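Trainee: Below: one structure in structure tokens.
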Amino acid sequence: MRLQPWNRRHLIERVMQIAMIGSLVIVGLCLGAILGTIIARGLPSLTWQMISQTPKGGFYMGKAGGVLNAILGSLYLASGATALAIVFALPIALYLQTYLATSGWAQLVRLALDVLWGIPSIVYGAFGFTLMIVLGVRASLFAGIIVLALVELPIMTRAMDEVIRRLPRDLAQAALALGSTKLEVALRVVIPQTLPGIVTAVLLAFGRGIGDAAAVLFTAGYTDRIPTSLLRATASLPLAVFFQLGTPYPEVRERGYASALILTIIVLVVSFGSRWLAARLQRYTVK
Amino acid sequence: MAQNPIQSTAITRNQRIVAISRQRTDTWARRVFFVITVLPIGLIAIVLIGLLYRSWPILSRYPLVDLLFGVDWKPSEGRFGFYSFIMGTVWVTVVGVGLAIPPCILVAIYLAEYAGARIRLLAKPILDVLAAIPPVVYGVWGLLSVVPLVKTVLGPWSQQLLGFWGLFAVQQPTGFSVLAGGIVLAVIITPLIIAVIFEIFNTVPVDLRNASLAIGATRWETIQRILLPQVMPGIIAAIVLGASRAFGETIAVLMVVGNIAQVPHSLFDAAYPLPALIANNYGEMMSIPLYDAALLCAALILLVIILLFNILATVVLTRFVK
Amino acid sequence: MHIIARLAGLLVMGALVLSACGSTATNTTDANSGELSGTIAISGAFALYPMMTVWTEEFTKLHPNVEFDVQGGGAGKGMTDVLSGAVEIGMISRDIKPEEISRGAYWVSVTKDAVFPLISAQNPYASEILARGISQTTFAKIFVTGEIKTWGEVLGKPEITDEIHVYTRSDACGAGEMWAKFAGGKVQDDLKGIGVNGEPALVDTVSKDTLGIGYSNLNSVFDVRAGTLVAGAVVPPIDINDNGQADANELYKTTADAIKAVADGVYPSPPARFENLATKGKPTGVTLAFIRWILTDGQQFLSQAGYVPLAPDQQTESLGKLK
């Protein structure tokens, strides 16, 4: 039987819809299973003590204490690194689009960023560590922030770049025609118009930074104390998760999941917060 | 830069100064931006030179061919063949990215073009969270769910149905395998790829869709004929980003991939990717000079692989855009 | 412009807040009062990390003016940090290598640990294996040469053809190196088998794989508080005297049995081993006082954490190295 064109078109529509919903279910199930694992195993050990105290002696053997050191450490590290990365990422993304467009330079920079993005963070960590040994510096919050910023920069820039690239040309050209300089176009037209995408880029990078263990292990170190200075070593949540999941004591491993849950909640709060803020800032744009 | 309505007919001195200073700001911004923009290229150069310098003790001692194509890995006896690790990296990445691409594109399209406002509002923060979960947690999940799944379900099925084909034959029944690594990798890069593609779809003006729908096209036809051609370069770029990430993913993969220094021949063989080699040994062996050099040499090889892959992708992408 | 200005503002503010809270660490002993003070930075093997946090807390109770900064990162990092002067003490869970000694590393042994072989409690031949034990040469053929591939060959019964699933640690570690030395190899890379990352994962994997075999440190395979083997795992006896059966002193079912066998030296070494603290040159000042305390009063905290205290002669030897 040969389908009528109308029927065939709607059959395709149906098939594609089913395929999409099927993929959504599969992806949702996998990702849901991961979140489920963290919640199911982390929630029972997520006590107020976990959030409000630093580890006491024997914490890694199941005795009293919490991971406040890692929570604060991770917040300092990730927010510092994200802020530092924005300072570089935004100009690069804007420059690539408003000044260079599709020239050879732009492609070279994009290539460089994609390659940097693929380098495992442990290599950045090893690199930073070698440099610190040469300079005779100890592991510190400051070193951790710089290396994490390097880890975050490529994905932040490229995600921003991809969004800015899709912005219709006419909008920018209209502004240029009215006599705006390119910088003004970038700041007053491009950024506001693409703000949600820029926020996504920042959040992707923030997530990469706050979730990374290998880069900070060698540069920021790990200590049971709360960081009090940029020059002191600091703990971080991914390392807390890693250490705790690696101990022989089951109750400590459960706390590892609780630490992962805390990390998840932090990212969730930051994500909701910044998206809400972006939506408020973006009320006056061309849809 | 508020305009004074009274003086708007003639260009005053003041306005000229404003215009000049605006031009000047623009010129300066251009210079500063340019310097910042070339930083990534400089960074790559620094990393390359640094790694070359640090792995020189190995590179100067053994012929490059032996290092790249040797399969013997016995650092204590001075034999450093990276071929198994290179192939391990390629296998796991290809499987991971291959598994991730189709569902990622479909889900992103669904979220961007079909889903209601509420699902979209929820999807973004969830994707953020998933992109931020430490890889070690993905690894633990892989150990608890994916390895047993490969061991008890996928392995036996594959052996029964496709066992005659080497790629699907099960030689090693523990579940720690290229496939397990690939699945975990696919799940890790999924949130990233979906998030980027989703944002790209969102930048396409609504008018374009409405015009197509108005002349009677179905939604899928609109997507296929109008949207996809426009966003295709972006989708490819998102996939390249995902693949680059996959090359470098370390902890989660090494927890499920088996870490045997051999060239895999089947999805169910164990493999040992380069990042896993570095992560497994760096913290413990960095005080042994030659071992340290070998691990940084592994990092250098990985960097070159990623570089080649990205150059290839850029060439393809340029063709595509034309 | 607003956004950039705001972000830049935030960054500057953040940096100010952070540095304002800061205080620079001093690293001197207070000579006037005679009371110990100063900061001791420690980094190195994860195997010693939990124990070290107990020691530092107990020591701080005695000497409140001594501050500690303890980091994990691996034995190699600990050694690199010590040699470069970034930390005072490195925790090394393996033997010190000649390359490291020639670069100025000095060390003392502070505790004993041991690696035990491991099979699943559900292994179909578990009772037979427990009765007969496995000899060192058999372990060598399973883990290093790969000559033995089935459980039948282990038990001398060719009719059993179930394959052995060999597991090893993927991450370089003291346990892996010691097990390799026991099994006739030299370094961890000599061990065959599927590489599993981390000790808990290896124990878990072997426990669930009925045909699996692996190895693990004492405190991962024996539950320290319950005093028994961890659920799901069994330690196959090492047939030390090669008589084809497991004798009473080769079979460990409780934590106390195992700790005693290691402390008395009944359990062979390797796979028993010393864990070490490394310094650059001989330790001095607060660092010396701390290491000396670990070797004396500090030893009492070891067994409750699943580590083995030093025997008197080893203790004397270590203390002698500090003089």
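Identifiers in the structure tokens: chain A, B, ... in order shown; residue index from 1 per chain; ligand index from 1 in order shown.
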Counting only C-alpha atoms, collect the residues of chain B whose closest atom lies at most 9 Å from chain C, and write them out as a PDB file with C-alpha atoms, in the first residue's frame.

Mentor:
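Output file part27.pdb follows:
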ATOM      1  CA  TRP B  73      54.181  -1.392  28.744  1.00  0.00           C
ATOM      2  CA  LYS B  74      56.773  -2.301  31.385  1.00  0.00           C
ATOM      3  CA  PRO B  75      58.066   0.995  32.822  1.00  0.00           C
ATOM      4  CA  SER B  76      60.204  -0.800  35.413  1.00  0.00           C
ATOM      5  CA  VAL B 140      30.340   4.819  40.955  1.00  0.00           C
ATOM      6  CA  LEU B 143      30.278   0.423  38.665  1.00  0.00           C
ATOM      7  CA  GLN B 172      36.137 -11.578  28.903  1.00  0.00           C
ATOM      8  CA  PRO B 173      32.985 -11.882  31.011  1.00  0.00           C
ATOM      9  CA  THR B 174      33.512  -9.442  33.892  1.00  0.00           C
ATOM     10  CA  PHE B 176      34.522  -4.140  32.771  1.00  0.00           C
ATOM     11  CA  ILE B 251      37.959   9.153  36.523  1.00  0.00           C
ATOM     12  CA  LEU B 254      38.798   4.406  34.438  1.00  0.00           C
ATOM     13  CA  MET B 255      36.417   3.043  37.068  1.00  0.00           C
ATOM     14  CA  VAL B 256      34.586   0.810  34.587  1.00  0.00           C
ATOM     15  CA  VAL B 257      36.874   0.199  31.631  1.00  0.00           C
ATOM     16  CA  GLY B 258      39.086  -2.550  33.079  1.00  0.00           C
ATOM     17  CA  ASN B 259      42.468  -0.843  32.661  1.00  0.00           C
ATOM     18  CA  ILE B 260      44.338  -3.629  30.891  1.00  0.00           C
ATOM     19  CA  ALA B 270      38.901  -4.271  28.577  1.00  0.00           C
ATOM     20  CA  ALA B 276      43.297   6.706  32.901  1.00  0.00           C
ATOM     21  CA  LEU B 277      46.984   5.852  32.656  1.00  0.00           C
ATOM     22  CA  ALA B 279      45.359   9.441  36.681  1.00  0.00           C
ATOM     23  CA  ASN B 280      46.116   5.933  37.939  1.00  0.00           C
ATOM     24  CA  ASN B 281      49.804   6.571  38.290  1.00  0.00           C
ATOM     25  CA  TYR B 282      50.606  10.264  38.501  1.00  0.00           C
ATOM     26  CA  GLY B 283      49.991  10.842  42.221  1.00  0.00           C
ATOM     27  CA  GLU B 284      51.961   7.749  43.135  1.00  0.00           C
ATOM     28  CA  MET B 285      54.811   7.767  40.602  1.00  0.00           C
ATOM     29  CA  MET B 286      55.639  11.438  40.026  1.00  0.00           C
ATOM     30  CA  SER B 287      58.710  11.144  42.232  1.00  0.00           C
ATOM     31  CA  ILE B 288      60.241   8.509  39.905  1.00  0.00           C
ATOM     32  CA  PRO B 289      61.853  10.628  37.137  1.00  0.00           C
TER      33      PRO B 289
END

Trainee: Give me the residues near segment 95-111 of chain A as number ranges by chain, where near means some atom within 7 Å (using only C-alpha atoms) and where sequence neighbours in that chain fewer than 2 positions away do not count.

Mentor: A: 91-93, 113-115, 165, 182, 186; B: 33, 38, 40-41, 310-311

Trainee: Please find the residues of chain A near chain C - the criterion being any atom within 6 Å, counting only C-alpha atoms - and write them as a PyMOL selection string.

Mentor: chain A and resi 57-58+60+138+187+222-223+228-230+248

Trainee: Tell me as a VMD selection string which residues belonging to chain A come within 6 Å of chain B, counting only C-alpha atoms.

Mentor: chain A and resid 13 20 23 to 24 91 to 92 112 115 118 to 120 163 166 183 197 207 to 208 211 238 267 to 268 271

Trainee: Give me, please, the distance in Å between atom CA of Val147 of chain B and atom CA of Val178 of chain B, quoted to one decimal.

Mentor: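 One can read the atom CA of Val147 of chain B to atom CA of Val178 of chain B distance as 10.4 Å.
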
Trainee: Could you pull out the helix (DSSP H, G or I) residues of segment 17-259 of chain C from DSSP and send them as number ranges by chain?

Mentor: C: 17-21, 49-62, 75-84, 98-102, 126-132, 136-143, 151-155, 174-182, 188-190, 199-208, 218-221, 248-250, 255-259

Trainee: Per DSSP on the backbone, filter segment 99-220 of chain C down to the residues in strand (DSSP E or B) and report them as a ChimeraX atom specification.

Mentor: /C:105-120,134,150,163,165-169,194-196,212-217

Trainee: Could you write those residues out with N, CA and C atoms, as a compact mmCIF listing (two decimals), in the first residue's frame?

Mentor:
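The result, stored in again-v8.txt:
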# COMPACT_ATOMS: atom_id res chain seq x y z
N ALA C 105 65.76 11.83 50.42
CA ALA C 105 64.65 11.40 51.28
C ALA C 105 65.16 10.61 52.47
N TYR C 106 64.58 10.89 53.65
CA TYR C 106 64.90 10.15 54.87
C TYR C 106 63.58 9.62 55.39
N TRP C 107 63.58 8.42 55.96
CA TRP C 107 62.27 7.91 56.38
C TRP C 107 62.35 7.05 57.62
N VAL C 108 61.20 6.96 58.31
CA VAL C 108 61.04 5.99 59.39
C VAL C 108 59.72 5.26 59.18
N SER C 109 59.70 3.98 59.60
CA SER C 109 58.47 3.21 59.51
C SER C 109 57.64 3.48 60.75
N VAL C 110 56.32 3.71 60.56
CA VAL C 110 55.48 4.06 61.70
C VAL C 110 54.39 3.03 61.99
N THR C 111 54.04 2.23 60.99
CA THR C 111 53.01 1.23 61.22
C THR C 111 53.21 0.10 60.23
N LYS C 112 52.55 -1.02 60.54
CA LYS C 112 52.62 -2.15 59.63
C LYS C 112 51.25 -2.35 59.02
N ASP C 113 51.23 -2.76 57.81
CA ASP C 113 49.96 -3.07 57.16
C ASP C 113 50.20 -4.35 56.37
N ALA C 114 49.14 -4.98 55.93
CA ALA C 114 49.35 -6.19 55.15
C ALA C 114 48.27 -6.32 54.10
N VAL C 115 48.65 -6.94 53.00
CA VAL C 115 47.71 -7.18 51.91
C VAL C 115 47.24 -8.62 52.01
N PHE C 116 45.95 -8.84 51.89
CA PHE C 116 45.41 -10.20 51.94
C PHE C 116 44.75 -10.54 50.61
N PRO C 117 44.88 -11.82 50.20
CA PRO C 117 44.12 -12.24 49.01
C PRO C 117 42.65 -12.31 49.37
N LEU C 118 41.83 -12.36 48.33
CA LEU C 118 40.40 -12.16 48.55
C LEU C 118 39.63 -12.95 47.51
N ILE C 119 38.63 -13.73 47.94
CA ILE C 119 37.69 -14.32 46.97
C ILE C 119 36.28 -14.08 47.46
N SER C 120 35.30 -14.37 46.60
CA SER C 120 33.90 -14.17 46.98
C SER C 120 33.46 -15.27 47.92
N ILE C 134 46.09 -21.66 49.31
CA ILE C 134 46.70 -21.46 48.00
C ILE C 134 48.16 -21.11 48.24
N THR C 150 42.17 -21.59 35.41
CA THR C 150 40.88 -22.10 35.93
C THR C 150 41.00 -22.45 37.40
N GLU C 163 36.60 -20.53 34.77
CA GLU C 163 37.70 -19.59 34.60
C GLU C 163 37.88 -18.73 35.86
N HIS C 165 38.49 -15.19 37.42
CA HIS C 165 38.45 -13.77 37.04
C HIS C 165 39.41 -13.01 37.95
N VAL C 166 40.55 -12.64 37.40
CA VAL C 166 41.57 -11.96 38.20
C VAL C 166 41.32 -10.46 38.21
N TYR C 167 41.34 -9.88 39.40
CA TYR C 167 41.18 -8.43 39.54
C TYR C 167 42.40 -7.85 40.23
N THR C 168 42.78 -6.63 39.83
CA THR C 168 43.89 -5.95 40.48
C THR C 168 43.50 -4.49 40.64
N ARG C 169 44.32 -3.73 41.38
CA ARG C 169 44.06 -2.29 41.50
C ARG C 169 44.57 -1.60 40.24
N ILE C 194 41.81 -7.55 35.54
CA ILE C 194 41.03 -6.35 35.33
C ILE C 194 41.40 -5.32 36.39
N GLY C 195 41.73 -4.11 35.96
CA GLY C 195 42.11 -3.07 36.91
C GLY C 195 40.90 -2.35 37.45
N VAL C 196 40.71 -2.41 38.76
CA VAL C 196 39.60 -1.72 39.40
C VAL C 196 40.18 -0.58 40.22
N GLY C 212 35.76 -14.62 41.07
CA GLY C 212 36.80 -13.59 41.12
C GLY C 212 37.86 -13.85 42.18
N ILE C 213 39.02 -13.24 41.97
CA ILE C 213 40.07 -13.24 43.00
C ILE C 213 40.76 -11.88 42.95
N GLY C 214 41.10 -11.36 44.12
CA GLY C 214 41.76 -10.06 44.16
C GLY C 214 42.58 -9.96 45.44
N TYR C 215 42.90 -8.74 45.83
CA TYR C 215 43.68 -8.55 47.06
C TYR C 215 43.29 -7.22 47.66
N SER C 216 43.57 -7.07 48.94
CA SER C 216 43.16 -5.84 49.59
C SER C 216 43.89 -5.65 50.92
N ASN C 217 44.03 -4.40 51.35
CA ASN C 217 44.63 -4.11 52.63
C ASN C 217 43.79 -4.64 53.78

Trainee: Calculate how many Å separate atom CA of Pro55 of chain A from atom CA of Ile210 of chain A, rounding to one decimal.

Mentor: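 According to the coordinates, atom CA of Pro55 of chain A and atom CA of Ile210 of chain A are separated by 20.1 Å.
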
Trainee: Which neighbours of Ala258 of chain A fall inside 9 Å, counting only C-alpha atoms, when residues of the same chain fewer than 5 positions from it are skipped, and could you give them as a ChimeraX atom specification?

Mentor: /A:38-39,41-47,50,241,253,263

Trainee: Write out as a PyMOL selection string which residues come within 12 Å of Ala169 of chain B when counting only C-alpha atoms, dropping same-chain ones fewer than 4 positions away.

Mentor: chain B and resi 154-165+173+177+179+264-269

Trainee: Write out the residues from the selection above, keeping C-alpha atoms, as a PDB file, in the first residue's frame.

Mentor:
ATOM      1  CA  LEU B 154      24.328  -7.049  27.148  1.00  0.00           C
ATOM      2  CA  GLY B 155      27.302  -9.432  27.091  1.00  0.00           C
ATOM      3  CA  PRO B 156      25.348 -12.706  26.946  1.00  0.00           C
ATOM      4  CA  TRP B 157      22.863 -11.243  24.413  1.00  0.00           C
ATOM      5  CA  SER B 158      25.604  -9.992  22.188  1.00  0.00           C
ATOM      6  CA  GLN B 159      27.522 -13.266  22.369  1.00  0.00           C
ATOM      7  CA  GLN B 160      24.375 -15.212  21.459  1.00  0.00           C
ATOM      8  CA  LEU B 161      23.141 -12.983  18.627  1.00  0.00           C
ATOM      9  CA  LEU B 162      26.315 -11.482  17.172  1.00  0.00           C
ATOM     10  CA  GLY B 163      29.070 -13.587  18.721  1.00  0.00           C
ATOM     11  CA  PHE B 164      30.317 -14.643  15.259  1.00  0.00           C
ATOM     12  CA  TRP B 165      31.324 -11.041  14.618  1.00  0.00           C
ATOM     13  CA  PRO B 173      32.985 -11.882  31.011  1.00  0.00           C
ATOM     14  CA  SER B 177      34.835  -3.210  29.120  1.00  0.00           C
ATOM     15  CA  LEU B 179      31.213  -0.799  26.172  1.00  0.00           C
ATOM     16  CA  PRO B 264      40.872  -4.017  22.340  1.00  0.00           C
ATOM     17  CA  HIS B 265      39.262  -6.001  19.525  1.00  0.00           C
ATOM     18  CA  SER B 266      35.731  -6.218  20.809  1.00  0.00           C
ATOM     19  CA  LEU B 267      33.282  -3.947  22.605  1.00  0.00           C
ATOM     20  CA  PHE B 268      33.510  -6.376  25.494  1.00  0.00           C
ATOM     21  CA  ASP B 269      37.308  -6.300  25.840  1.00  0.00           C
TER      22      ASP B 269
END

Trainee: One decimal, Å: what's the distance from atom CA of Val95 of chain B over to atom CA of Ile34 of chain A, could you say?

Mentor: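 Between atom CA of Val95 of chain B and atom CA of Ile34 of chain A the gap works out to 20.4 Å.
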
Trainee: Counting only C-alpha atoms, what is within 8 Å of Ile86 of chain A, bar same-chain residues fewer than 6 positions away, as a list in words?

Mentor: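 What passes the distance filter is Leu153, Met156 and Val202 of chain A.
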